[in-house]
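The data block below is final.txt; it holds compact mmCIF, C-alpha atoms and all ligand atoms.
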```
# COMPACT_ATOMS: atom_id res chain seq x y z
CA MET A 1 198.76 111.51 -34.52
CA PHE A 2 201.82 109.30 -34.41
CA TYR A 3 202.54 106.79 -37.13
CA ILE A 4 204.47 104.16 -35.19
CA HIS A 5 206.73 101.39 -36.46
CA CYS A 6 206.09 98.21 -34.45
CA PRO A 7 209.41 96.32 -34.28
CA TYR A 8 207.54 93.00 -33.98
CA CYS A 9 204.98 93.44 -36.79
CA ASP A 10 207.74 95.29 -38.69
CA GLU A 11 205.18 97.72 -40.05
CA HIS A 12 203.99 101.28 -39.41
CA ARG A 13 200.59 101.52 -37.72
CA GLU A 14 198.26 104.28 -36.55
CA GLU A 15 198.69 105.55 -33.00
CA GLU A 16 195.24 104.34 -31.96
CA GLU A 17 196.51 100.74 -32.10
CA PHE A 18 199.01 101.53 -29.33
CA HIS A 19 199.11 102.53 -25.67
CA ALA A 20 201.91 104.47 -24.00
CA LYS A 21 203.18 102.82 -20.83
CA GLY A 22 205.59 105.42 -19.45
CA GLN A 23 209.34 105.57 -19.01
CA ALA A 24 211.36 102.65 -20.38
CA HIS A 25 214.37 100.79 -18.92
CA ILE A 26 213.26 100.88 -15.28
CA ALA A 27 214.98 97.98 -13.58
CA ARG A 28 213.04 96.35 -10.75
CA PRO A 29 215.24 95.98 -7.66
CA LEU A 30 216.44 92.38 -7.48
CA ASP A 31 215.80 92.16 -3.76
CA PRO A 32 212.86 94.43 -2.82
CA ASP A 33 213.08 93.41 0.85
CA ALA A 34 216.57 94.87 1.02
CA CYS A 35 215.46 98.27 -0.37
CA THR A 36 215.09 101.34 1.79
CA ASP A 37 211.69 103.03 1.59
CA GLU A 38 213.30 105.72 -0.50
CA GLU A 39 214.79 103.25 -3.00
CA TRP A 40 211.50 101.38 -3.33
CA GLY A 41 209.52 104.63 -3.57
CA ASN A 42 211.80 105.91 -6.30
CA PHE A 43 211.35 102.67 -8.25
CA LEU A 44 207.56 102.70 -7.90
CA TYR A 45 206.64 106.34 -8.23
CA PHE A 46 209.35 108.65 -9.52
CA ARG A 47 209.82 109.11 -13.25
CA ALA A 48 212.02 111.27 -15.44
CA ASN A 49 210.28 114.05 -17.36
CA PRO A 50 212.96 115.29 -19.72
CA ARG A 51 212.66 118.02 -22.29
CA GLY A 52 214.14 116.43 -25.40
CA ILE A 53 215.10 112.81 -25.89
CA HIS A 54 213.10 110.30 -23.86
CA HIS A 55 212.86 106.50 -23.92
CA GLU A 56 209.34 105.18 -23.49
CA LEU A 57 207.63 101.82 -23.16
CA TRP A 58 204.68 101.27 -25.50
CA VAL A 59 202.42 98.33 -26.26
CA HIS A 60 200.92 97.39 -29.62
CA ALA A 61 197.59 96.81 -27.91
CA ALA A 62 195.30 96.23 -30.89
CA GLY A 63 197.98 94.52 -32.97
CA CYS A 64 200.50 91.90 -31.86
CA ARG A 65 200.11 92.91 -28.16
CA LYS A 66 203.90 93.07 -27.68
CA PHE A 67 205.65 95.67 -25.56
CA PHE A 68 208.50 97.62 -27.15
CA ASN A 69 210.45 100.85 -26.71
CA ILE A 70 210.32 104.21 -28.45
CA THR A 71 212.96 106.94 -28.38
CA ARG A 72 211.01 110.17 -28.73
CA ASP A 73 211.82 113.87 -28.61
CA THR A 74 209.33 115.37 -26.15
CA GLN A 75 209.98 118.83 -27.57
CA THR A 76 209.35 118.12 -31.28
CA TYR A 77 207.27 114.93 -30.84
CA ALA A 78 209.54 113.24 -33.39
CA ILE A 79 209.90 109.49 -33.00
CA LEU A 80 213.61 108.78 -33.47
CA GLU A 81 213.54 104.98 -33.27
CA THR A 82 211.57 101.99 -32.02
CA TYR A 83 213.26 98.88 -30.69
CA ARG A 84 212.40 95.57 -29.06
CA LEU A 85 212.40 94.81 -25.36
CA GLY A 86 215.84 93.73 -24.18
CA GLU A 87 217.55 96.00 -26.71
CA GLN A 88 219.26 99.29 -25.95
CA PRO A 89 218.52 102.60 -27.70
CA SER A 90 220.91 103.73 -30.40
CA VAL A 91 219.79 107.36 -30.03
CA THR A 92 220.42 108.87 -26.58
CA SER A 93 220.71 112.38 -25.16
CA GLN A 94 224.48 111.81 -25.07
CA SER A 95 224.77 110.85 -28.73
CA MET B 1 203.46 63.37 -22.14
CA SER B 2 199.95 62.45 -21.01
CA ASP B 3 199.81 65.35 -18.56
CA THR B 4 199.53 67.79 -21.48
CA PHE B 5 196.14 66.21 -22.28
CA THR B 6 194.55 67.02 -18.94
CA ALA B 7 193.64 70.48 -20.26
CA VAL B 8 191.81 69.14 -23.32
CA MET B 9 188.05 69.14 -23.13
CA ASP B 10 185.56 68.18 -25.82
CA GLN B 11 183.22 71.14 -25.55
CA LEU B 12 180.61 69.58 -27.85
CA PRO B 13 180.73 65.88 -26.92
CA THR B 14 177.22 65.02 -28.18
CA ALA B 15 174.76 66.52 -30.64
CA ASP B 16 172.29 67.48 -27.90
CA VAL B 17 174.68 70.02 -26.38
CA LEU B 18 173.28 73.35 -27.54
CA ALA B 19 175.85 75.44 -29.40
CA ARG B 20 174.86 78.92 -30.47
CA SER B 21 177.03 81.28 -32.44
CA PRO B 22 177.03 84.91 -31.25
CA LEU B 23 175.36 85.91 -34.55
CA TYR B 24 172.68 83.20 -34.61
CA GLN B 25 169.97 85.86 -34.89
CA HIS B 26 171.45 87.25 -38.11
CA SER B 27 171.34 85.48 -41.46
CA ALA B 28 173.65 85.92 -44.44
CA LEU B 29 173.07 89.07 -46.47
CA ARG B 30 173.61 89.90 -50.12
CA GLY B 31 173.85 93.35 -51.67
CA ASP B 32 175.32 94.85 -54.81
CA GLY B 33 178.83 93.42 -55.05
CA LEU B 34 178.77 92.69 -51.34
CA GLN B 35 178.03 89.57 -49.29
CA LEU B 36 178.09 89.27 -45.53
CA GLN B 37 178.10 85.90 -43.81
CA GLU B 38 179.09 84.42 -40.48
CA ASN B 39 181.25 81.30 -40.49
CA ALA B 40 179.43 80.09 -37.40
CA LEU B 41 180.92 77.85 -34.72
CA ALA B 42 184.22 77.46 -36.54
CA THR B 43 187.05 75.77 -34.68
CA GLN B 44 189.53 78.33 -33.37
CA LEU B 45 192.73 77.39 -31.59
CA VAL B 46 195.49 79.69 -30.41
CA ILE B 47 198.91 78.06 -30.71
CA ARG B 48 201.89 79.55 -28.90
CA GLY B 49 205.51 78.55 -29.10
CA ASN B 50 209.00 79.49 -30.18
CA THR B 51 210.00 79.22 -33.85
CA ASP B 52 213.63 78.69 -32.76
CA ASP B 53 212.44 75.34 -31.41
CA ALA B 54 212.52 73.01 -34.43
CA SER B 55 210.29 70.42 -32.74
CA PHE B 56 207.57 73.06 -32.30
CA VAL B 57 207.70 74.08 -35.97
CA GLN B 58 207.67 70.44 -37.12
CA GLY B 59 204.94 69.43 -34.66
CA VAL B 60 202.55 72.13 -35.86
CA ALA B 61 203.26 71.22 -39.49
CA LYS B 62 202.60 67.54 -38.79
CA ALA B 63 199.31 68.12 -36.95
CA THR B 64 197.89 70.80 -39.25
CA GLY B 65 199.60 70.13 -42.57
CA LEU B 66 200.54 73.82 -42.60
CA ALA B 67 203.85 75.61 -42.16
CA LEU B 68 203.92 78.33 -39.48
CA PRO B 69 203.53 81.62 -41.36
CA GLY B 70 205.81 84.59 -40.70
CA ASN B 71 204.92 88.21 -39.88
CA LEU B 72 201.38 89.21 -40.93
CA GLN B 73 200.99 86.14 -43.15
CA SER B 74 198.74 83.10 -43.26
CA GLU B 75 198.86 79.56 -44.62
CA ALA B 76 195.80 77.62 -45.67
CA ASN B 77 194.61 74.31 -47.08
CA ASN B 78 191.07 73.14 -47.82
CA ASP B 79 189.93 72.99 -44.22
CA TRP B 80 192.35 74.98 -42.10
CA ARG B 81 193.82 78.45 -42.01
CA LEU B 82 196.79 79.32 -39.82
CA ARG B 83 197.27 83.05 -39.13
CA TRP B 84 200.29 84.82 -37.63
CA ILE B 85 199.00 87.10 -34.86
CA ALA B 86 202.20 87.74 -32.85
CA PRO B 87 205.85 86.59 -33.04
CA ASP B 88 205.07 83.63 -30.76
CA GLU B 89 201.37 83.23 -31.43
CA TRP B 90 199.19 81.85 -34.25
CA LEU B 91 195.43 81.44 -34.71
CA LEU B 92 194.27 78.22 -36.36
CA THR B 93 190.71 78.17 -37.71
CA GLY B 94 188.82 75.34 -39.32
CA PRO B 95 185.58 73.36 -39.58
CA ALA B 96 182.97 73.32 -36.82
CA ASN B 97 183.24 70.47 -34.30
CA ALA B 98 186.88 69.80 -35.13
CA ALA B 99 188.40 71.55 -32.11
CA PHE B 100 188.77 68.47 -29.93
CA THR B 101 190.35 66.35 -32.67
CA MET B 102 192.75 69.09 -33.76
CA GLU B 103 193.76 70.08 -30.23
CA THR B 104 194.47 66.44 -29.44
CA ALA B 105 196.51 66.08 -32.65
CA LEU B 106 198.54 69.19 -31.81
CA ARG B 107 199.26 68.00 -28.28
CA GLU B 108 200.29 64.58 -29.61
CA ASN B 109 202.84 66.26 -31.86
CA LEU B 110 204.12 68.96 -29.50
CA SER B 111 206.20 68.80 -26.36
CA GLY B 112 208.16 71.11 -24.11
CA HIS B 113 207.30 74.79 -23.86
CA TYR B 114 204.17 75.50 -25.92
CA ALA B 115 200.48 76.27 -25.50
CA VAL B 116 197.29 75.29 -27.34
CA ILE B 117 194.13 77.10 -26.28
CA ASN B 118 190.61 76.49 -27.58
CA VAL B 119 189.13 79.96 -28.13
CA SER B 120 186.26 78.82 -30.39
CA GLY B 121 183.62 80.10 -27.96
CA GLY B 122 185.23 83.49 -27.44
CA GLN B 123 185.21 84.88 -30.96
CA THR B 124 183.62 84.29 -34.34
CA LEU B 125 184.44 84.59 -38.05
CA VAL B 126 182.65 86.98 -40.39
CA ARG B 127 183.12 86.65 -44.15
CA LEU B 128 182.90 89.78 -46.25
CA SER B 129 183.04 89.30 -50.02
CA GLY B 130 182.34 91.01 -53.30
CA ALA B 131 183.82 93.87 -55.27
CA ASN B 132 182.60 96.41 -52.69
CA ALA B 133 183.91 94.56 -49.61
CA ARG B 134 187.11 96.61 -49.62
CA ALA B 135 185.12 99.87 -49.62
CA VAL B 136 183.26 98.70 -46.50
CA LEU B 137 186.58 97.98 -44.79
CA MET B 138 187.91 101.41 -45.78
CA LYS B 139 185.01 102.98 -43.92
CA SER B 140 185.55 100.83 -40.84
CA CYS B 141 189.24 100.86 -39.99
CA PRO B 142 192.28 103.15 -40.34
CA TYR B 143 194.49 100.39 -41.75
CA ASP B 144 195.43 100.70 -45.43
CA VAL B 145 193.54 97.92 -47.25
CA HIS B 146 194.80 98.92 -50.70
CA ASP B 147 196.09 96.05 -52.89
CA ARG B 148 199.69 97.26 -52.64
CA ASN B 149 199.58 97.12 -48.83
CA PHE B 150 197.14 94.28 -48.25
CA PRO B 151 197.59 91.43 -50.76
CA ALA B 152 195.73 88.11 -50.45
CA GLY B 153 197.16 85.97 -47.66
CA LYS B 154 197.96 88.90 -45.39
CA VAL B 155 196.62 89.06 -41.82
CA VAL B 156 196.39 92.20 -39.70
CA SER B 157 195.13 92.73 -36.15
CA THR B 158 193.91 96.28 -35.85
CA VAL B 159 191.25 98.63 -34.53
CA PHE B 160 187.95 98.15 -36.32
CA ALA B 161 184.74 100.13 -35.91
CA LYS B 162 185.88 101.36 -32.48
CA SER B 163 186.46 97.71 -31.56
CA GLN B 164 189.13 95.28 -32.76
CA ALA B 165 189.38 92.63 -35.42
CA ILE B 166 191.87 90.29 -37.03
CA ILE B 167 191.44 91.01 -40.74
CA SER B 168 192.51 88.41 -43.30
CA ARG B 169 192.41 88.81 -47.04
CA LEU B 170 191.55 85.42 -48.50
CA GLY B 171 191.37 86.47 -52.14
CA ASP B 172 190.86 89.48 -54.39
CA ASP B 173 187.28 90.02 -53.18
CA GLU B 174 187.29 87.77 -50.13
CA TRP B 175 187.92 89.05 -46.61
CA GLU B 176 187.47 87.51 -43.21
CA LEU B 177 187.18 89.18 -39.81
CA VAL B 178 187.81 87.50 -36.48
CA VAL B 179 185.81 89.41 -33.89
CA ARG B 180 185.21 89.04 -30.17
CA ARG B 181 181.99 87.25 -29.25
CA SER B 182 180.74 90.16 -27.14
CA PHE B 183 181.36 92.61 -30.00
CA ALA B 184 180.02 90.37 -32.78
CA ASP B 185 176.46 91.73 -32.80
CA TYR B 186 177.71 95.33 -32.76
CA ILE B 187 180.22 94.73 -35.56
CA TRP B 188 177.65 92.88 -37.64
CA ARG B 189 175.25 95.84 -37.34
CA TRP B 190 178.11 98.22 -38.16
CA LEU B 191 178.86 96.23 -41.32
CA VAL B 192 175.20 96.19 -42.37
CA ASP B 193 175.08 99.95 -41.84
CA ALA B 194 178.32 100.44 -43.79
CA GLY B 195 176.94 98.21 -46.56
CA GLN B 196 173.69 100.10 -46.86
CA GLU B 197 174.97 102.12 -49.83
CA PHE B 198 175.66 98.80 -51.57
CA GLY B 199 172.12 97.54 -50.95
CA LEU B 200 172.75 95.59 -47.75
CA SER B 201 169.73 95.46 -45.46
CA GLU B 202 168.39 93.25 -42.66
CA HIS B 203 164.83 94.24 -43.58
CA ALA B 204 164.57 92.85 -47.08
ZN ZN C 1 203.00 94.81 -33.48
```
Translate the structure of the given file into C-alpha cells.
Amino acid sequence: MFYIHCPYCDEHREEEEFHAKGQAHIARPLDPDACTDEEWGNFLYFRANPRGIHHELWVHAAGCRKFFNITRDTQTYAILETYRLGEQPSVTSQS
Amino acid sequence: MSDTFTAVMDQLPTADVLARSPLYQHSALRGDGLQLQENALATQLVIRGNTDDASFVQGVAKATGLALPGNLQSEANNDWRLRWIAPDEWLLTGPANAAFTMETALRENLSGHYAVINVSGGQTLVRLSGANARAVLMKSCPYDVHDRNFPAGKVVSTVFAKSQAIISRLGDDEWELVVRRSFADYIWRWLVDAGQEFGLSEHA
C-alpha cells in the first residue's frame, strides 16, 4: 500500500482514497483538426512505460477530489514527490 | 445581480410538502458510552469560490457569520458549521428549513465567479457521541482518529465502511458524519453493528 501525500490536503492518506489516472503532463494538441491521424493517435492512445522514474496523474477521489501529480519509481515503487497540477516535477530521470 | 437568483428554489415552501430523511425508519440509539443519532433534514449548502477573491471571503463571512476555514478545518457558531472540503469548496450545514433563507443571503452577498448549491436532499448528518465513539470510528475507517491527529474542529473526507464520509470532530466525544443519502441506511446499519460491543441495538 502507498501512503500518499496530497498536495492540496497537505496530509498523508491511505492509497484507497486515491485513484491512479495514468501518465502526467500530456498536452492536448491545441488544434486537433490540424493533427495527422498519427499525431492524434499518439496523443489519445500511446503512453510511456518507463522502468524507473515516472510522472503520474492521480486524483484524491475520496478526499478533496483534486487531481495532482506523483513522481514515482516504477522499479522500487518509491514515491519521490507529489506536486500540484500546473507545477513541474523537481525529480526527473535527468536529475 | 438578480440573475444569480434564478437558480434558487425553496424546496420546502409549505408545511404540507412531505420531507423524509433517508434514515426516517431509524430512531436514535443509546449504548454504553455511545450514542447514535441522525441530524435529520439539516440544511446543507456547498459553497465554491476562490479565497484570493476578497469579496468572496467577505461575502461568505457576512452571510454566515463565519470565516472560511483553511485546510481540513471547520468554523462554527450556534446554528451553522462551515467545513473545508477542498481548496475551493466548503460545506455549510445548519438548521432544517433554513436552506432557502441562507442560500438567498449568500447570493445577496456574493458576486462574480462563485457557486452555491443546495445539497440538503443528497446527503445526511449522523451524530456519533460518547467515550466509545472513537473506537467505532477506528473500526470503520483507515484514517487515524487519534487525538494527536484528529483534534476537535478538524474535518476529513475519507473512505468509510467501504463507502465515503466527511468526518468532523465537534468535541472530545462528539463526532459527525456526512454521508450520501443512498448509503445512509447501509452506514447506519454498519454503525449499529460496530456499536454492538458497546450495547447498541435496534431491537431493544
Ligand atoms: Zn486531498
Report task. May I ask which of the residues B:Asn132, B:Gln58, B:Ser27, B:Asn149 is the closest one to B:Asn109, counting only C-alpha atoms? Result -> B:Gln58
Requested in this report: Take atom CA of B:Lys154 and atom CA of A:Asp10 and report the distance between them in Å, one decimal.
Outcome: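 It comes out at 13.5 Å.
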**Report entry** chain A residues near chain B (12 Å cut-off, all atoms listed in the file) as a list in words
**Finding:**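 Close to chain B, chain A has Tyr3, Cys6, Pro7, Tyr8, Cys9, Asp10, Glu11, His12, Arg13, Glu14, Glu15, Glu16, Glu17, Phe18, His60, Ala61, Ala62, Gly63, Cys64, Arg65, Lys66, Phe67 and Arg84 of chain A.
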Go ahead and dump the residues you just picked, C-alpha atoms, as a PDB file, keeping the file's coordinate frame.
```pdb
ATOM      1  CA  TYR A   3     202.540 106.790 -37.130  1.00  0.00           C
ATOM      2  CA  CYS A   6     206.090  98.210 -34.450  1.00  0.00           C
ATOM      3  CA  PRO A   7     209.410  96.320 -34.280  1.00  0.00           C
ATOM      4  CA  TYR A   8     207.540  93.000 -33.980  1.00  0.00           C
ATOM      5  CA  CYS A   9     204.980  93.440 -36.790  1.00  0.00           C
ATOM      6  CA  ASP A  10     207.740  95.290 -38.690  1.00  0.00           C
ATOM      7  CA  GLU A  11     205.180  97.720 -40.050  1.00  0.00           C
ATOM      8  CA  HIS A  12     203.990 101.280 -39.410  1.00  0.00           C
ATOM      9  CA  ARG A  13     200.590 101.520 -37.720  1.00  0.00           C
ATOM     10  CA  GLU A  14     198.260 104.280 -36.550  1.00  0.00           C
ATOM     11  CA  GLU A  15     198.690 105.550 -33.000  1.00  0.00           C
ATOM     12  CA  GLU A  16     195.240 104.340 -31.960  1.00  0.00           C
ATOM     13  CA  GLU A  17     196.510 100.740 -32.100  1.00  0.00           C
ATOM     14  CA  PHE A  18     199.010 101.530 -29.330  1.00  0.00           C
ATOM     15  CA  HIS A  60     200.920  97.390 -29.620  1.00  0.00           C
ATOM     16  CA  ALA A  61     197.590  96.810 -27.910  1.00  0.00           C
ATOM     17  CA  ALA A  62     195.300  96.230 -30.890  1.00  0.00           C
ATOM     18  CA  GLY A  63     197.980  94.520 -32.970  1.00  0.00           C
ATOM     19  CA  CYS A  64     200.500  91.900 -31.860  1.00  0.00           C
ATOM     20  CA  ARG A  65     200.110  92.910 -28.160  1.00  0.00           C
ATOM     21  CA  LYS A  66     203.900  93.070 -27.680  1.00  0.00           C
ATOM     22  CA  PHE A  67     205.650  95.670 -25.560  1.00  0.00           C
ATOM     23  CA  ARG A  84     212.400  95.570 -29.060  1.00  0.00           C
TER      24      ARG A  84
END
```
Query - Residue with smallest distance to A:Tyr77 - pool A:Leu44, A:Ala27, A:Gly52, A:Leu57, counting all atoms listed in the file - result: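 Looking at the shortest contact to A:Tyr77, the residue is A:Gly52.
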Find the axis-aligned box for stretch 173-187 of chain B, covering all its listed atoms and adding 4 Å on each side, and write its centre and edge lengths in Å to one decimal as AutoDock Vina command-line options.
```
--center_x 182.2 --center_y 91.3 --center_z -40.2 --size_x 19.5 --size_y 16.1 --size_z 34.0
```
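Between A:His19 and the candidates A:Glu56, A:Asp73, A:Glu87, A:Glu81, the tightest atom-to-atom separation, counting only C-alpha atoms, involves A:Glu56.
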Query - Between atom CA of B:Asp52 and atom CA of B:Leu110, distance in Å (one decimal) - result: 14.0 Å
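In terms of minimum interatomic distance to ligand ZN 1 (chain C), A:His5 ranks closest within A:His55, A:His5, A:Lys21, A:Arg28, counting all atoms listed in the file.
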Query - Minimum-distance residue to B:Ser21, chosen among B:Thr124, B:Ser140, B:Ser168, B:Thr93 (using all atoms listed in the file) - result: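 The answer is B:Thr124, which sits nearest to B:Ser21.
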Query raised in the report: Separation of atom CA of B:Lys62 and atom CA of B:Ala98, in Å?
Result: 16.3 Å
**Report entry** Proximity to ligand ZN 1 (chain C) - best of A:Leu30, A:Ile79, A:Val91, A:Ile4, all atoms listed in the file
**Finding:**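 Going through A:Leu30, A:Ile79, A:Val91, A:Ile4 one by one, the smallest distance to ligand ZN 1 (chain C) is for A:Ile4.
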Report task. Dump as a ChimeraX atom specification all residues having an atom at most 6 Å from (211.5, 96.0, -27.1), computed in the file's coordinates with all atoms listed in the file. Result -> /A:68-69,83-86
Query raised in the report: If we count all atoms listed in the file, what is near B:Gly59 at a cut-off of 10 Å, once residues fewer than 4 positions away on the same chain are taken out, given as a list in words?
Result: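 The neighbour list is Ala54, Ser55, Ala63, Thr64, Gly65, Ala67, Ala105, Leu106, Arg107, Glu108, Asn109, Leu110 and Ser111 of chain B.
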Query raised in the report: Got a sec: who's within 12 Å of stretch 186-196 of chain B, counting only C-alpha atoms, leaving out chain neighbours fewer than 2 positions off, as a count of residues only?
Result: 58
